[in-house]
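This report refers to the structure that appears directly beneath it.
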Amino acid sequence: MMRATMRACALVFTLASSSSAQTLGSTVTTPPDAVTHDNHQPAGVMTGKVLKVRLEAVRATWRPEGADGPVRDVYAFAVEGGAPNIPGPLLRVPEGTELHVFIRNRLAVPLRLHGMGPRPRAKDDFVTMAPGKGLEFRFKSGAPGTYYYWGQTADSLFNQRSGADGQLTGAFIVDSAGAAPDADRIFVIGEWLGPIPKPGTPRKVTIVVNGRSWPHTERLTIPFGLPAEWRVINASIAPHPMHLHGTFYTVESRGSAMRDVVYGALNQRLVTTELMLPGSTMMMRWVPDRVGNWLFHCHILAHVTGRMRDGDATGPVTEDHHVEHDPARAMAGLVLGITVLPGDETAAPDLETHVRRRMTLHVREIPNRYGTDSGFGFSFVSDRGPAPPVDGASNPSPTIILTKGEPVVIGVANGVREPMAIHWHGIELESFNDGVPGWSGQTGQIMPPVEPGRTFDVNFTPPRAGTFIYHTHGHDSKQLVSGMYGALVVLEPGETFDPAVDHVVLLGGSGPVVPPGVEMNRSTKPPLLQVKAGVKHRFRIINITPNFTLAVTLRGESGPVQWRAIAKDGADLPPNQATMRAANQTIGVGETYDFEYEPTVPGDLRIDVLRLGNVLTTTPVRVVR
Ligand SMILES: [Cu+2]
């Protein structure tokens, strides 16, 4: 009954909003359903070295969350006479192809069309097409790369496309001559924002990959060991730090609608998280080296929370923890599920019997940590060093120190009143230990949430030394916002962790407060950090805030100091990337960066953490002899 009523309302809205749209003489109808697709089939007809395509911009009825989900009245590109496509029809040609793209604006409003021209392009020029107008664009493809074409209906910038015109994006791929066109995959990220609501009510938002929101996104099944080449296009208005679970990926190119910078071997980087700003593109390569279920997702909580499904990603924190049992309900938005199938061999060191170091991570509630709200913390009992107090939590969160190549078993002991799970962010490990309840593992052995009072044993052997994160997998925003995270440092064999020269800068949420802030090492007013002149110091910077892209700077009164970049996401940088630079680093959610700094003279410095130019927290740093 409810649904019938809502449908009727939607139809009335459609009729009303299309009453001025009849310049083309068509009858008044609900716009046709948009067809979402995964960029497998290029549009158009290739004759010799000429691709002919006829496109149109039309209104569409879009269901990004499946047949039972919300209905969005949007604009979309279509192949002439065909169904509207979200994302837009794929243009894909070998280098040297001439494109003849005819496009008609079948919207009731002017269309600004961008990107119909050869690549690279110096300038983002566009053509404004009046309602009903058709135009043909003839151009040579230009250089190989990952590009896109896009439209907008408002007199606005790319990063203001958010309503009906937010899905007017199609991939434009130029292949190197001779390259096999089907060896890779193309993922177009889109975003839809509802109208600005009344003050105090949340704005509706939907974030999609290839036109669909989790759990309706494509499920990828990949054979073990077969390299995956992915092209990712962020055609949304938000930054997305894209995180791959369980293994590293190589960033092979970064670009935009206009140009693509293909990295040579020396400039490629190994990451588990790559921050993609609005409008940017990426080519990435990874080798599925562990069987089981994995995720590739945006690490911004508001872009993957299940609450987005109700159009309410920023509303009050729910007390319903049971959604955690079901990843299909717990997450939404920008999430891709990957299943790596068994191959001829599996990377199985963790399946062997080892003598393992045994440790326990006790998860604790901290009453009244945020006013009357509880926070979360941990007490970590290692097999080495003194044991912390049995009750209560360490503050800041304990840094877990492990050694490369040493097998460990970490018991996650749930001492709080709700189910939880810990994800070992950036660590290469078996799927069952990865920490996404209801998802990690393989058919027949799926990791459960850790219920109150229970302990879940996590087995792994860290294969590389570096800076990583442990954190609740964020299905429950309150857990992440309120402190269920910490730093995980893996040392080379024989090394010991020396806090006098090794400094963890752990940036996380400031509890369920409004407006949300940032805690550094679990404090909004971090204490003085003393460092010695003439000594090399390592700064391990971690952004595990729920939603903030941050800038971190180490500076004196006259500006940032110089430091040397040494690692990203736990992977050491190759020599030519491990360069001296000004100590001012943008860091997306889920990224870690390591820098080396050697102060030369005594004096006062500070670490500022900024968001959108505003300092959120400051740590005083004193350089002494
Ligand atoms: Cu995102």
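Identifiers in the structure tokens: chain A, B, ... in order shown; residue index from 1 per chain; ligand index from 1 in order shown.
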
- request: Compile the contact shell of Ala328 (chain A) as a PyMOL selection string: residues with an atom at most 8 Å away, counting only C-alpha atoms, same-chain residues fewer than 3 positions apart removed.
  value: chain A and resi 214-215+331-332

Give me, as a Markdown table, the closest atom pair and its distance (Å, one decimal) for every residue of chain A within a cut-off of 9 Å of ligand 1, counting only C-alpha atoms and all ligand atoms, rows sorted by chain and rising number.
```
| residue | atom | partner | partner_atom_place_in_ligand_line | distance |
| --- | --- | --- | --- | --- |
| A:Ile207 | CA | ligand 1 | 1 (Cu) | 8.0 |
| A:Ala238 | CA | ligand 1 | 1 (Cu) | 6.6 |
| A:Pro239 | CA | ligand 1 | 1 (Cu) | 5.8 |
| A:His240 | CA | ligand 1 | 1 (Cu) | 3.6 |
| A:Pro241 | CA | ligand 1 | 1 (Cu) | 6.1 |
| A:Met242 | CA | ligand 1 | 1 (Cu) | 7.3 |
| A:Met276 | CA | ligand 1 | 1 (Cu) | 8.6 |
| A:His297 | CA | ligand 1 | 1 (Cu) | 7.8 |
| A:Cys298 | CA | ligand 1 | 1 (Cu) | 4.4 |
| A:His299 | CA | ligand 1 | 1 (Cu) | 6.2 |
| A:Ile300 | CA | ligand 1 | 1 (Cu) | 4.9 |
| A:Leu301 | CA | ligand 1 | 1 (Cu) | 7.6 |
| A:Ala302 | CA | ligand 1 | 1 (Cu) | 7.4 |
| A:His303 | CA | ligand 1 | 1 (Cu) | 4.7 |
| A:Val304 | CA | ligand 1 | 1 (Cu) | 7.3 |
| A:Gly333 | CA | ligand 1 | 1 (Cu) | 8.6 |
| A:Leu334 | CA | ligand 1 | 1 (Cu) | 6.6 |
| A:Asn547 | CA | ligand 1 | 1 (Cu) | 8.5 |
```

- prompt: Contacts of region 74-90 of chain A at 9 Å or less, counting only C-alpha atoms, minus same-chain residues fewer than 5 places along, as a VMD selection string?
  reply: chain A and resid 31 to 44 53 to 62 103 to 104 107 148 to 151 163 to 173 188 to 190 209 to 212

message: Show me, as a ChimeraX atom specification, the residues that have an atom within 8 Å of Phe248 (chain A) when counting only C-alpha atoms, minus same-chain residues fewer than 3 positions from it.
response: /A:244-245,270-272,286,426,428

message: Can you pull out the residues contacting region 591-601 of chain A? Cut-off 9 Å, using only C-alpha atoms, and skip same-chain residues under 4 positions away; I want them as a PyMOL selection string.
response: chain A and resi 241+243+271-275+466-469+531-544+561-570+572+583+585+587+623-625

File dump, residues just selected, N, CA and C atoms, as a compact mmCIF listing (two decimals), in the first residue's frame:
```txt
# COMPACT_ATOMS: atom_id res chain seq x y z
N PRO A 241 39.09 7.69 -1.33
CA PRO A 241 40.29 6.88 -1.11
C PRO A 241 39.93 5.41 -1.32
N HIS A 243 40.34 1.60 -1.40
CA HIS A 243 41.11 0.64 -0.59
C HIS A 243 40.86 -0.78 -1.06
N VAL A 271 50.37 0.50 -3.41
CA VAL A 271 49.50 1.05 -2.37
C VAL A 271 48.44 0.02 -2.00
N THR A 272 47.80 0.24 -0.86
CA THR A 272 46.53 -0.44 -0.61
C THR A 272 45.38 0.55 -0.67
N THR A 273 45.71 1.85 -0.66
CA THR A 273 44.68 2.88 -0.73
C THR A 273 45.20 4.01 -1.60
N GLU A 274 44.42 4.43 -2.58
CA GLU A 274 44.80 5.55 -3.44
C GLU A 274 43.69 6.60 -3.38
N LEU A 275 44.08 7.80 -3.03
CA LEU A 275 43.09 8.89 -2.93
C LEU A 275 42.76 9.41 -4.32
N GLY A 466 56.40 -2.14 7.99
CA GLY A 466 55.83 -0.84 7.65
C GLY A 466 54.74 -0.44 8.62
N THR A 467 53.96 0.54 8.20
CA THR A 467 52.93 1.14 9.05
C THR A 467 51.54 0.74 8.56
N PHE A 468 50.76 0.13 9.42
CA PHE A 468 49.43 -0.37 9.06
C PHE A 468 48.42 0.07 10.12
N ILE A 469 47.20 -0.40 9.98
CA ILE A 469 46.13 0.03 10.88
C ILE A 469 45.32 -1.19 11.30
N VAL A 531 61.87 16.00 20.41
CA VAL A 531 62.75 15.28 19.48
C VAL A 531 64.16 15.85 19.59
N LYS A 532 65.14 15.02 19.26
CA LYS A 532 66.54 15.42 19.40
C LYS A 532 67.11 15.89 18.07
N ALA A 533 67.87 17.00 18.14
CA ALA A 533 68.57 17.48 16.94
C ALA A 533 69.69 16.50 16.60
N GLY A 534 69.96 16.39 15.30
CA GLY A 534 71.06 15.55 14.85
C GLY A 534 70.74 14.06 14.85
N VAL A 535 69.46 13.74 15.05
CA VAL A 535 69.04 12.34 15.08
C VAL A 535 67.92 12.15 14.06
N LYS A 536 67.95 11.03 13.36
CA LYS A 536 66.88 10.75 12.38
C LYS A 536 65.63 10.26 13.12
N HIS A 537 64.50 10.91 12.83
CA HIS A 537 63.22 10.51 13.42
C HIS A 537 62.30 10.00 12.33
N ARG A 538 61.45 9.05 12.70
CA ARG A 538 60.47 8.53 11.75
C ARG A 538 59.08 8.93 12.21
N PHE A 539 58.31 9.50 11.30
CA PHE A 539 56.92 9.85 11.59
C PHE A 539 56.01 8.92 10.78
N ARG A 540 55.15 8.21 11.48
CA ARG A 540 54.22 7.29 10.83
C ARG A 540 52.83 7.93 10.91
N ILE A 541 52.36 8.45 9.79
CA ILE A 541 51.12 9.22 9.79
C ILE A 541 49.99 8.35 9.26
N ILE A 542 48.93 8.29 10.05
CA ILE A 542 47.80 7.40 9.73
C ILE A 542 46.52 8.21 9.77
N ASN A 543 45.73 8.13 8.70
CA ASN A 543 44.41 8.76 8.70
C ASN A 543 43.35 7.67 8.78
N ILE A 544 42.78 7.50 9.97
CA ILE A 544 41.68 6.56 10.12
C ILE A 544 40.46 7.32 10.67
N VAL A 561 59.03 22.21 7.44
CA VAL A 561 60.41 21.74 7.36
C VAL A 561 60.53 20.83 6.13
N GLN A 562 61.72 20.33 5.88
CA GLN A 562 61.94 19.35 4.82
C GLN A 562 62.03 17.96 5.45
N TRP A 563 61.31 17.00 4.89
CA TRP A 563 61.47 15.63 5.36
C TRP A 563 61.54 14.71 4.15
N ARG A 564 61.94 13.48 4.40
CA ARG A 564 62.10 12.53 3.31
C ARG A 564 60.96 11.51 3.36
N ALA A 565 60.26 11.34 2.23
CA ALA A 565 59.23 10.31 2.15
C ALA A 565 59.90 8.95 2.13
N ILE A 566 59.42 8.00 2.93
CA ILE A 566 60.07 6.69 2.90
C ILE A 566 59.10 5.52 2.65
N ALA A 567 57.82 5.70 2.94
CA ALA A 567 56.89 4.58 2.70
C ALA A 567 55.47 5.10 2.54
N LYS A 568 54.65 4.30 1.86
CA LYS A 568 53.23 4.62 1.66
C LYS A 568 52.43 3.34 1.93
N ASP A 569 51.47 3.40 2.81
CA ASP A 569 50.59 2.27 3.15
C ASP A 569 51.36 1.05 3.68
N GLY A 570 52.61 1.27 4.10
CA GLY A 570 53.40 0.15 4.61
C GLY A 570 54.40 -0.40 3.61
N ASP A 572 57.67 0.25 1.32
CA ASP A 572 58.79 1.17 1.14
C ASP A 572 58.75 1.77 -0.26
N ALA A 583 57.40 19.39 4.25
CA ALA A 583 56.62 18.52 5.14
C ALA A 583 55.17 18.97 5.16
N GLN A 585 51.66 17.03 3.74
CA GLN A 585 51.15 15.86 3.03
C GLN A 585 49.62 15.79 3.11
N ILE A 587 46.48 13.51 3.03
CA ILE A 587 46.33 12.09 3.36
C ILE A 587 44.85 11.74 3.43
N VAL A 623 62.43 20.72 19.52
CA VAL A 623 63.71 20.12 19.14
C VAL A 623 64.74 20.51 20.19
N VAL A 624 65.37 19.51 20.80
CA VAL A 624 66.38 19.78 21.84
C VAL A 624 67.72 19.16 21.43
N ARG A 625 68.77 19.58 22.09
CA ARG A 625 70.10 19.01 21.82
C ARG A 625 70.20 17.62 22.44
```

message: Could you tell me how far CA of Glu406 (chain A) sits from CA of Arg356 (chain A), in Å to one decimal place?
response: 7.4 Å

field: In region 177-404 of chain A, DSSP strand (DSSP E) residues written as a count of residues only
entry: 96
